[in-house]
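**Q** Structure file input-v3.csv (CSV, C-alpha atoms and all ligand atoms) right here:
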chain,number,residue,atom,x,y,z
B,1,MET,CA,13.7,20.1,14.3
B,2,ALA,CA,10.1,18.7,14.0
B,3,HIS,CA,9.0,17.0,10.8
B,4,GLU,CA,5.9,18.6,9.3
B,5,ILE,CA,3.8,15.7,8.1
B,6,CYS,CA,0.4,15.7,6.5
B,7,LEU,CA,-2.2,13.5,8.1
B,8,ILE,CA,-5.4,12.5,6.3
B,9,PRO,CA,-7.6,10.7,8.8
B,10,GLY,CA,-10.1,9.7,6.1
B,11,ASP,CA,-13.5,7.9,6.4
B,12,GLY,CA,-14.9,4.8,8.1
B,13,ILE,CA,-12.3,3.3,10.4
B,14,GLY,CA,-9.8,6.0,9.2
B,15,PRO,CA,-10.1,8.4,12.1
B,16,GLU,CA,-9.8,5.6,14.7
B,17,VAL,CA,-6.7,4.0,13.2
B,18,ALA,CA,-5.1,7.4,12.3
B,19,GLU,CA,-5.5,8.5,16.0
B,20,ALA,CA,-3.9,5.2,17.1
B,21,ALA,CA,-1.0,5.6,14.7
B,22,LYS,CA,-0.5,9.2,15.7
B,23,GLN,CA,-0.5,8.2,19.4
B,24,VAL,CA,2.1,5.4,18.8
B,25,ILE,CA,4.3,7.6,16.6
B,26,SER,CA,4.3,10.4,19.1
B,27,ALA,CA,5.2,8.0,21.9
B,28,SER,CA,8.3,6.9,19.9
B,29,GLY,CA,10.0,10.2,20.7
B,30,VAL,CA,10.1,11.5,17.2
B,31,SER,CA,9.1,15.1,16.8
B,32,ILE,CA,6.3,15.6,14.4
B,33,GLU,CA,4.0,18.5,13.7
B,34,TRP,CA,0.9,17.0,12.1
B,35,ARG,CA,-1.0,18.9,9.4
B,36,LEU,CA,-4.5,17.6,9.4
B,37,LEU,CA,-6.0,17.4,5.9
B,38,PRO,CA,-9.5,16.6,4.6
B,39,ALA,CA,-10.2,14.0,1.9
B,40,GLY,CA,-12.9,11.5,1.2
B,41,ALA,CA,-16.6,11.5,1.8
B,42,GLY,CA,-16.1,13.5,5.0
B,43,ALA,CA,-14.7,16.4,3.0
B,44,ILE,CA,-17.7,16.9,0.7
B,45,GLU,CA,-19.9,18.9,3.0
B,46,GLU,CA,-17.3,21.6,3.7
B,47,PHE,CA,-15.4,21.6,0.4
B,48,GLY,CA,-17.9,20.2,-2.1
B,49,GLU,CA,-15.3,17.7,-3.3
B,50,VAL,CA,-13.6,14.5,-2.2
B,51,LEU,CA,-10.1,15.7,-2.9
B,52,PRO,CA,-9.8,19.4,-1.9
B,53,GLU,CA,-7.1,21.3,-3.7
B,54,GLU,CA,-5.6,22.4,-0.4
B,55,THR,CA,-4.9,18.8,0.5
B,56,VAL,CA,-3.0,18.1,-2.7
B,57,ARG,CA,-1.1,21.4,-2.4
B,58,ALA,CA,-0.1,20.6,1.2
B,59,ILE,CA,1.3,17.2,0.4
B,60,GLU,CA,3.2,18.7,-2.5
B,61,ALA,CA,4.7,21.3,-0.1
B,62,HIS,CA,5.5,18.9,2.8
B,63,ARG,CA,6.3,15.9,0.6
B,64,VAL,CA,5.2,13.2,3.1
B,65,ALA,CA,1.8,12.2,4.3
B,66,LEU,CA,0.3,9.5,6.4
B,67,LYS,CA,-3.2,8.7,5.1
B,68,GLY,CA,-6.1,6.8,6.5
B,69,PRO,CA,-8.5,5.0,4.2
B,70,VAL,CA,-11.1,7.1,2.4
B,71,THR,CA,-14.5,6.5,0.8
B,72,THR,CA,-15.4,7.9,-2.5
B,73,PRO,CA,-19.2,7.9,-2.9
B,74,ILE,CA,-20.3,5.8,-5.9
B,75,GLY,CA,-22.5,7.1,-8.6
B,76,LYS,CA,-22.3,10.8,-7.6
B,77,GLY,CA,-19.8,11.8,-10.1
B,78,PHE,CA,-16.7,11.9,-7.9
B,79,THR,CA,-13.4,10.5,-9.1
B,80,SER,CA,-11.8,8.1,-6.6
B,81,VAL,CA,-9.7,10.0,-4.1
B,82,ASN,CA,-7.0,7.4,-4.1
B,83,VAL,CA,-6.7,7.4,-7.9
B,84,GLY,CA,-6.9,11.2,-8.0
B,85,LEU,CA,-4.2,11.6,-5.4
B,86,ARG,CA,-1.9,9.1,-7.0
B,87,LYS,CA,-2.3,10.8,-10.4
B,88,ARG,CA,-2.0,14.4,-9.2
B,89,LEU,CA,1.1,13.6,-7.1
B,90,ASN,CA,2.5,11.1,-9.6
B,91,LEU,CA,2.8,8.5,-6.9
B,92,TYR,CA,3.6,5.8,-9.5
B,93,ALA,CA,4.9,3.1,-7.2
B,94,ALA,CA,2.9,1.3,-4.5
B,95,VAL,CA,5.0,-0.8,-2.2
B,96,ARG,CA,3.3,-3.4,0.1
B,97,PRO,CA,5.6,-5.5,2.3
B,98,VAL,CA,3.9,-8.7,3.4
B,99,ARG,CA,5.5,-10.7,6.2
B,100,ASN,CA,4.5,-13.1,8.9
B,101,LEU,CA,4.2,-11.4,12.3
B,102,PRO,CA,5.0,-13.0,15.7
B,103,GLY,CA,1.9,-14.4,17.3
B,104,VAL,CA,-0.4,-13.8,14.3
B,105,ALA,CA,-1.8,-17.0,13.0
B,106,SER,CA,-1.4,-17.8,9.4
B,107,ARG,CA,-1.5,-20.9,7.2
B,108,TYR,CA,2.0,-20.1,6.0
B,109,GLU,CA,5.4,-19.6,7.5
B,110,ASN,CA,8.4,-17.7,6.0
B,111,VAL,CA,6.3,-15.2,4.1
B,112,ASP,CA,8.5,-12.2,3.3
B,113,LEU,CA,7.6,-10.6,0.1
B,114,VAL,CA,6.9,-7.2,-1.3
B,115,VAL,CA,4.2,-6.4,-3.8
B,116,VAL,CA,5.3,-3.6,-6.1
B,117,ARG,CA,2.3,-2.2,-8.0
B,118,GLU,CA,2.2,0.3,-10.8
B,119,ASN,CA,-0.1,2.9,-9.5
B,120,THR,CA,-1.1,5.3,-12.2
B,121,GLU,CA,-1.9,3.4,-15.4
B,122,GLY,CA,-3.8,0.3,-16.5
B,123,LEU,CA,-7.5,0.1,-16.2
B,124,TYR,CA,-7.4,2.8,-13.6
B,125,SER,CA,-7.3,5.3,-16.4
B,126,GLY,CA,-11.0,5.7,-15.7
B,127,ILE,CA,-11.6,6.1,-19.4
B,128,GLU,CA,-14.8,4.2,-20.2
B,129,ASN,CA,-17.2,4.7,-23.1
B,130,GLU,CA,-20.6,3.3,-23.9
B,131,ILE,CA,-20.2,2.5,-27.6
B,132,THR,CA,-23.8,1.7,-28.0
B,133,ASP,CA,-26.6,0.6,-25.8
B,134,GLY,CA,-25.4,-2.4,-23.8
B,135,VAL,CA,-21.8,-2.2,-25.0
B,136,VAL,CA,-19.2,-0.5,-23.0
B,137,GLN,CA,-15.4,-0.4,-23.2
B,138,SER,CA,-12.8,0.4,-20.5
B,139,LEU,CA,-9.4,1.5,-21.7
B,140,LYS,CA,-6.3,-0.1,-20.2
B,141,ILE,CA,-3.4,2.3,-20.7
B,142,ALA,CA,0.3,1.2,-20.7
B,143,THR,CA,3.1,3.5,-21.6
B,144,ARG,CA,6.7,2.8,-22.1
B,145,THR,CA,7.5,5.6,-19.6
B,146,GLY,CA,5.2,4.2,-17.0
B,147,CYS,CA,6.2,0.5,-17.4
B,148,THR,CA,9.9,1.5,-17.4
B,149,ARG,CA,9.8,3.6,-14.3
B,150,ILE,CA,8.0,1.1,-12.2
B,151,SER,CA,10.4,-1.7,-13.4
B,152,LYS,CA,13.3,0.6,-12.5
B,153,PHE,CA,11.8,1.3,-9.1
B,154,ALA,CA,11.4,-2.5,-8.4
B,155,PHE,CA,15.0,-3.3,-9.3
B,156,GLU,CA,16.4,-0.4,-7.4
B,157,TYR,CA,14.3,-1.3,-4.4
B,158,ALA,CA,15.6,-4.9,-4.7
B,159,LYS,CA,19.2,-3.7,-4.8
B,160,SER,CA,18.8,-1.3,-1.9
B,161,ARG,CA,17.6,-4.2,0.3
B,162,ASP,CA,19.7,-7.1,-1.0
B,163,ILE,CA,16.6,-8.8,-2.4
B,164,ASN,CA,17.7,-11.2,-5.2
B,165,ARG,CA,14.5,-12.1,-7.1
B,166,VAL,CA,11.9,-10.1,-8.9
B,167,THR,CA,8.9,-11.9,-10.4
B,168,VAL,CA,6.5,-10.2,-12.8
B,169,PHE,CA,2.8,-11.2,-12.9
B,170,HIS,CA,1.2,-10.5,-16.2
B,171,LYS,CA,-1.4,-11.7,-18.7
B,172,ALA,CA,0.5,-11.0,-21.9
B,173,ASN,CA,-0.8,-14.2,-23.5
B,174,ILE,CA,-4.2,-12.3,-23.7
B,175,MET,CA,-3.2,-8.6,-23.5
B,176,LYS,CA,-0.4,-9.0,-25.9
B,177,LYS,CA,0.2,-5.3,-26.4
B,178,SER,CA,-0.3,-3.7,-22.9
B,179,ASP,CA,1.0,-6.5,-20.7
B,180,GLY,CA,3.5,-7.3,-23.6
B,181,LEU,CA,4.9,-3.8,-23.2
B,182,PHE,CA,5.1,-4.2,-19.4
B,183,LEU,CA,7.1,-7.4,-19.9
B,184,ASP,CA,9.3,-5.8,-22.5
B,185,CYS,CA,10.2,-2.9,-20.2
B,186,ALA,CA,10.8,-5.1,-17.2
B,187,ARG,CA,13.1,-7.4,-19.2
B,188,LYS,CA,15.0,-4.4,-20.5
B,189,ILE,CA,15.5,-2.9,-17.0
B,190,HIS,CA,16.6,-6.3,-15.6
B,191,GLY,CA,19.2,-6.4,-18.4
B,192,GLU,CA,20.4,-2.9,-17.6
B,193,ILE,CA,20.4,-2.7,-13.8
B,194,GLY,CA,19.4,-6.1,-12.5
B,195,GLU,CA,22.8,-7.8,-12.3
B,196,GLY,CA,22.8,-10.5,-9.6
B,197,ILE,CA,19.0,-10.4,-9.3
B,198,ASP,CA,17.0,-13.3,-10.6
B,199,TYR,CA,14.1,-12.4,-12.8
B,200,ASP,CA,11.1,-14.5,-13.8
B,201,GLU,CA,7.6,-14.0,-15.2
B,202,LEU,CA,4.4,-15.8,-14.3
B,203,ILE,CA,1.0,-15.5,-16.0
B,204,ILE,CA,-1.1,-14.0,-13.2
B,205,ASP,CA,-3.5,-16.8,-12.7
B,206,ASN,CA,-0.6,-19.3,-12.3
B,207,GLY,CA,1.1,-16.7,-10.1
B,208,CYS,CA,-1.8,-16.5,-7.7
B,209,MET,CA,-1.9,-20.3,-7.5
B,210,GLN,CA,1.8,-20.4,-6.8
B,211,LEU,CA,1.4,-17.7,-4.1
B,212,VAL,CA,-1.2,-19.7,-2.2
B,213,ARG,CA,0.8,-22.9,-2.6
B,214,ASP,CA,4.1,-21.6,-1.4
B,215,PRO,CA,4.4,-17.8,-0.8
B,216,SER,CA,8.0,-18.2,0.6
B,217,ARG,CA,9.3,-18.6,-3.0
B,218,PHE,CA,8.5,-15.0,-3.8
B,219,GLN,CA,10.5,-11.9,-2.9
B,220,ILE,CA,9.4,-9.0,-5.1
B,221,VAL,CA,6.2,-9.4,-7.1
B,222,LEU,CA,6.0,-6.7,-9.7
B,223,MET,CA,2.8,-5.9,-11.7
B,224,GLU,CA,0.5,-3.4,-13.3
B,225,ASN,CA,-2.2,-1.5,-11.4
B,226,LEU,CA,-5.3,-3.7,-11.2
B,227,TYR,CA,-3.4,-7.0,-10.7
B,228,GLY,CA,-1.5,-5.2,-7.9
B,229,ASP,CA,-4.7,-4.2,-6.2
B,230,ILE,CA,-6.1,-7.7,-6.2
B,231,VAL,CA,-2.8,-9.5,-5.4
B,232,SER,CA,-2.2,-7.1,-2.5
B,233,ASP,CA,-5.3,-8.3,-0.7
B,234,LEU,CA,-4.6,-11.9,-1.6
B,235,CYS,CA,-1.1,-11.5,0.0
B,236,ALA,CA,-2.6,-9.9,3.1
B,237,GLY,CA,-4.7,-13.0,3.5
B,238,LEU,CA,-1.4,-15.1,3.6
B,239,VAL,CA,-0.2,-13.4,6.8
B,240,GLY,CA,-3.3,-12.6,8.8
B,241,GLY,CA,-5.5,-10.2,6.8
B,242,LEU,CA,-5.9,-6.6,5.9
B,243,GLY,CA,-5.3,-5.4,9.5
B,244,VAL,CA,-1.6,-6.3,9.3
B,245,VAL,CA,-0.3,-5.1,5.9
B,246,PRO,CA,1.2,-1.6,5.4
B,247,GLY,CA,1.9,0.3,2.3
B,248,ALA,CA,3.6,3.3,0.7
B,249,ASN,CA,3.0,5.2,-2.5
B,250,PHE,CA,6.2,6.8,-3.9
B,251,GLY,CA,6.6,9.4,-6.6
B,252,ASP,CA,9.6,11.4,-7.6
B,253,GLY,CA,8.7,14.2,-5.2
B,254,CYS,CA,6.2,12.9,-2.6
B,255,ALA,CA,5.5,9.8,-0.6
B,256,VAL,CA,2.1,8.9,0.9
B,257,PHE,CA,2.0,6.1,3.5
B,258,GLU,CA,-1.3,4.2,3.9
B,259,ALA,CA,-2.5,0.7,4.8
B,260,VAL,CA,-3.7,-1.7,2.1
B,261,HIS,CA,-7.2,-1.9,3.6
B,262,GLY,CA,-10.1,0.3,2.8
B,263,SER,CA,-12.4,2.3,5.1
B,264,ALA,CA,-14.2,-0.8,6.3
B,265,PRO,CA,-17.6,0.8,6.9
B,266,ASP,CA,-18.9,-2.5,8.4
B,267,ILE,CA,-16.7,-2.0,11.5
B,268,ALA,CA,-16.4,1.8,11.6
B,269,GLY,CA,-16.8,3.7,14.9
B,270,LYS,CA,-16.8,0.6,17.0
B,271,ASN,CA,-13.2,0.5,18.3
B,272,ILE,CA,-12.8,-2.8,16.5
B,273,ALA,CA,-10.4,-2.0,13.7
B,274,ASN,CA,-6.9,-3.1,13.8
B,275,PRO,CA,-4.6,0.0,13.7
B,276,LEU,CA,-1.5,-2.1,13.1
B,277,ALA,CA,-1.5,-1.8,9.3
B,278,LEU,CA,-1.5,2.0,9.6
B,279,ILE,CA,1.0,1.9,12.5
B,280,MET,CA,3.3,-0.2,10.2
B,281,SER,CA,2.8,2.3,7.4
B,282,GLY,CA,3.9,4.9,9.9
B,283,VAL,CA,7.1,2.9,10.6
B,284,MET,CA,7.8,2.8,6.8
B,285,MET,CA,7.3,6.6,6.9
B,286,LEU,CA,9.7,7.1,9.7
B,287,ASN,CA,12.3,5.0,7.9
B,288,HIS,CA,11.8,7.1,4.8
B,289,LEU,CA,12.4,10.2,7.0
B,290,GLY,CA,15.6,8.7,8.3
B,291,GLU,CA,14.1,8.3,11.8
B,292,THR,CA,15.2,4.7,12.0
B,293,GLU,CA,15.6,4.6,15.8
B,294,ALA,CA,12.0,5.6,16.4
B,295,ALA,CA,10.9,3.2,13.6
B,296,GLY,CA,12.8,0.4,15.2
B,297,LYS,CA,11.4,1.2,18.6
B,298,ILE,CA,7.8,1.0,17.4
B,299,LYS,CA,8.4,-2.2,15.5
B,300,THR,CA,10.0,-3.9,18.6
B,301,ALA,CA,7.0,-2.7,20.7
B,302,TYR,CA,4.3,-4.1,18.4
B,303,ASP,CA,6.2,-7.3,17.9
B,304,THR,CA,6.3,-7.6,21.7
B,305,VAL,CA,2.6,-7.0,22.1
B,306,LEU,CA,1.8,-9.5,19.4
B,307,SER,CA,4.2,-12.1,20.8
B,308,GLU,CA,2.9,-11.8,24.4
B,309,GLY,CA,-0.6,-12.4,22.9
B,310,ASN,CA,-2.6,-10.9,25.7
B,311,PRO,CA,-6.1,-11.1,24.1
B,312,GLU,CA,-7.2,-7.9,25.8
B,313,SER,CA,-4.5,-6.0,23.8
B,314,ILE,CA,-5.0,-7.6,20.4
B,315,THR,CA,-7.8,-6.9,18.0
B,316,ARG,CA,-10.4,-9.4,16.9
B,317,ASP,CA,-9.3,-9.8,13.3
B,318,ILE,CA,-6.1,-11.5,14.6
B,319,GLY,CA,-7.7,-13.5,17.3
B,320,GLY,CA,-7.9,-11.1,20.3
B,321,LYS,CA,-10.7,-9.5,22.2
B,322,GLY,CA,-9.2,-6.0,22.5
B,323,GLY,CA,-10.0,-2.8,20.5
B,324,THR,CA,-8.2,-0.3,18.4
B,325,LYS,CA,-7.4,1.9,21.4
B,326,GLU,CA,-6.3,-1.0,23.6
B,327,PHE,CA,-3.8,-2.2,21.0
B,328,ALA,CA,-2.4,1.3,20.6
B,329,ASP,CA,-2.1,1.7,24.4
B,330,ALA,CA,-0.3,-1.6,24.7
B,331,VAL,CA,2.2,-0.7,22.0
B,332,VAL,CA,2.8,2.7,23.7
B,333,LYS,CA,3.3,0.8,27.0
B,334,ALA,CA,5.7,-1.6,25.5
B,335,MET,CA,7.9,1.3,24.3
B,336,GLY,CA,8.4,2.0,28.0
Q,1,LIG,P1,-13.4,0.3,0.6
Q,1,LIG,O1,-14.5,0.4,-0.4
Q,1,LIG,O2,-13.1,1.6,1.3
Q,1,LIG,O3,-12.1,-0.3,0.1
Q,1,LIG,P2,-14.3,-2.3,1.7
Q,1,LIG,O4,-15.3,-2.6,2.7
Q,1,LIG,O5,-14.6,-2.7,0.3
Q,1,LIG,O6,-13.9,-0.7,1.8
Q,1,LIG,P3,-12.0,-2.9,3.2
Q,1,LIG,O7,-12.3,-1.7,3.9
Q,1,LIG,O8,-10.6,-3.1,2.8
Q,1,LIG,O9,-12.9,-3.0,1.9
Q,1,LIG,O10,-12.5,-4.1,4.1
Q,1,LIG,C1,-12.6,-5.5,3.7
Q,1,LIG,C2,-12.9,-6.3,4.9
Q,1,LIG,O11,-11.7,-6.4,5.8
Q,1,LIG,C3,-14.0,-5.8,5.7
Q,1,LIG,O12,-14.8,-6.9,6.2
Q,1,LIG,C4,-13.4,-5.1,6.9
Q,1,LIG,O13,-14.1,-5.1,8.1
Q,1,LIG,C5,-12.0,-5.9,7.1
Q,1,LIG,N1,-11.0,-4.9,7.5
Q,1,LIG,C6,-10.4,-4.0,6.7
Q,1,LIG,N2,-9.5,-3.3,7.4
Q,1,LIG,C7,-9.5,-3.8,8.7
Q,1,LIG,C8,-8.8,-3.5,9.8
Q,1,LIG,N3,-7.9,-2.5,9.9
Q,1,LIG,N4,-9.1,-4.2,11.0
Q,1,LIG,C9,-10.0,-5.2,10.9
Q,1,LIG,N5,-10.7,-5.5,9.9
Q,1,LIG,C10,-10.5,-4.9,8.7
Represent the structure from my file as structure tokens, please.
**A**
Amino acid sequence: MAHEICLIPGDGIGPEVAEAAKQVISASGVSIEWRLLPAGAGAIEEFGEVLPEETVRAIEAHRVALKGPVTTPIGKGFTSVNVGLRKRLNLYAAVRPVRNLPGVASRYENVDLVVVRENTEGLYSGIENEITDGVVQSLKIATRTGCTRISKFAFEYAKSRDINRVTVFHKANIMKKSDGLFLDCARKIHGEIGEGIDYDELIIDNGCMQLVRDPSRFQIVLMENLYGDIVSDLCAGLVGGLGVVPGANFGDGCAVFEAVHGSAPDIAGKNIANPLALIMSGVMMLNHLGETEAAGKIKTAYDTVLSEGNPESITRDIGGKGGTKEFADAVVKAMG
């Protein structure tokens, strides 16, 4: 039976990388009926909003989506699509695996870590007030429920994959209450379900320094929303950039798979963008659906294309001369 999967092409490079991912996933032999859904700047003209209700409802109904990057116009009163979608669907856990890839140059070897980011709280509450002229405040929200469920998610994720270290990045020395609560919950969950898993805590500035000194010492890095946003991009830089890091957002009912990168308007429409991050997100999606054979086939194929290193098949961001389409075609060819 075909899987019915929602596909949000998105804005900027979104449609190009989504088309490439669709092409590669279809070629893996898995049977998918794609349900195309609008979101982002491209949805405004037809729907008058960046996150149409039909898009949210369709993901709720089908439970799985592959999503390209979207742009939310700034200063026009729209709430961020990503934040809106994560809140509406309660996608509280963002998972970003960061690994070295064959043939992709990086300053580091043996990087194999996962950023687990709380996705619904922190400064992303969007609650800001102008107290008086020239004085504003932004509210950072942390709840025991939110901090506990993301900690639980991280330790369960570690257990299910035989990962034996979880490191929390925090700034509880300054934000004693909010980050203090995060630490309190993480420690408690470690005590309850973390047997056999090492647990440590690093103040985030030191954590970033340790990451760029020796990323191989990290396995799961767990943190609140804004830190996770920033550290995800930092980690992408450890293994070749934003073109090679996938992601998934999990809630209790739904999962939305998307690359870490944004809509990259600077390179949109030029057949330059690297579709690998979204293809890898598609592989995560196939594993989530239990389609492990198709997932493995795609992974072997892109590893082959990257290892062979034919510049015509590899995009510029990772040292090649090829385009989005050429890379997708090469991966399809490598699947035989
Ligand atoms: P947004 O506001 O949607 O997050 P942005 O431009 O702030 O967009 P990104 O879209 O993540 O941030 O892009 C950051 C940089 O990384 C840009 O120079 C972009 O061209 C590059 N980049 C992002 N994604 C890719 C990709 N898939 N392939 C190649 N380069 C990429």
**Q** Nearest to ligand LIG 1 (chain Q) among B:Ile141, B:Leu91, B:Ala21, B:Ala295, with distances taken over all atoms listed in the file: which residue is it?
**A**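 Of B:Ile141, B:Leu91, B:Ala21, B:Ala295, the one nearest ligand LIG 1 (chain Q), counting all atoms listed in the file, is B:Ala21.
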**Q** Using all atoms listed in the file, which of B:Val70, B:Leu286, B:Ile279, B:Ala334 sits nearest ligand LIG 1 (chain Q)?
**A**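 Smallest separation from ligand LIG 1 (chain Q) among the options: B:Val70.
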**Q** Give the residue list for ligand LIG 1 (chain Q) at 9 Å, counting only C-alpha atoms and all ligand atoms, as a ChimeraX atom specification, sorted by chain and then by residue number.
**A** /B:11-14,17,69-72,233,241-245,259-268,272-278,315-318,324
**Q** Using all atoms listed in the file, pick whichever of B:Leu123, B:Val30, B:Ile203, B:Leu234 has the shortest atom-to-atom distance to Ala142 of chain B.
**A** B:Leu123
**Q** Would you be able to write out as a list in words which residues have an atom within 12 Å of (-5.2, -7.7, 28.2) in the file's coordinates, counting only C-alpha atoms?
**A** Val305, Leu306, Glu308, Gly309, Asn310, Pro311, Glu312, Ser313, Ile314, Thr315, Gly320, Lys321, Gly322, Gly323, Lys325, Glu326, Phe327, Asp329, Ala330 and Val331 of chain B
**Q** So, counting all atoms listed in the file, which residue among B:Glu54, B:Pro102, B:Pro15, B:Lys67 is closest to Ser307 of chain B?
**A**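 The shortest atom-to-atom distance to Ser307 of chain B comes from B:Pro102.
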**Q** Smallest atom-to-atom distance to Met223 of chain B: which of B:Arg86, B:Lys171, B:Lys297, B:His62, using only C-alpha atoms?
**A**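 Of B:Arg86, B:Lys171, B:Lys297, B:His62, the one nearest Met223 of chain B, counting only C-alpha atoms, is B:Lys171.
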**Q** Just how far from atom CA of Ala93 of chain B is atom CA of Val212 of chain B, in Å to one decimal?
**A**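 Computed distance, atom CA of Val212 of chain B to atom CA of Ala93 of chain B, equals 24.1 Å.
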**Q** With only C-alpha atoms as the atoms that count, which of B:Met280, B:Val136, B:Val239, B:Ile189 lies nearest to Gly103 of chain B?
**A**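 Closest candidate: B:Val239.
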**Q** Find the distance between atom CA of Pro38 of chain B and atom CA of Gly77 of chain B and write it in Å to one decimal.
**A**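 Computed distance, atom CA of Pro38 of chain B to atom CA of Gly77 of chain B, equals 18.6 Å.
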**Q** Could you pull out every residue with an atom within 12 Å of (21.1, -6.3, -14.5), file coordinates, counting all atoms listed in the file, and send them as a list in words?
**A**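 Result, sorted by chain then residue number: Ser151, Lys152, Phe155, Glu156, Ala158, Lys159, Asn164, Arg165, Val166, Ala186, Arg187, Lys188, Ile189, His190, Gly191, Glu192, Ile193, Gly194, Glu195, Gly196, Ile197, Asp198 and Tyr199 of chain B.
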**Q** Would you mind listing what lies within 6 Å of Val50 of chain B as a ChimeraX atom specification, with all atoms listed in the file counted and same-chain residues fewer than 2 positions away left out?
**A** /B:39-41,43-44
**Q** Those same residues, written as a short mmCIF file (atom, residue, chain, number, x, y, z; two decimals), in the frame of the given file with C-alpha atoms?
**A**
data_model
loop_
_atom_site.label_atom_id
_atom_site.label_comp_id
_atom_site.auth_asym_id
_atom_site.auth_seq_id
_atom_site.Cartn_x
_atom_site.Cartn_y
_atom_site.Cartn_z
CA ALA B 39 -10.20 14.00 1.90
CA GLY B 40 -12.90 11.50 1.20
CA ALA B 41 -16.60 11.50 1.80
CA ALA B 43 -14.70 16.40 3.00
CA ILE B 44 -17.70 16.90 0.70
#
**Q** Skip Glu33 of chain B itself and residues of its chain fewer than 4 positions away, then list as a ChimeraX atom specification all residues within 8 Å of it, counting all atoms listed in the file.
**A** /B:2-5
**Q** Just give me the gap between atom CA of Thr167 of chain B and atom CA of Ile204 of chain B in Å, one decimal is fine.
**A** 10.6 Å
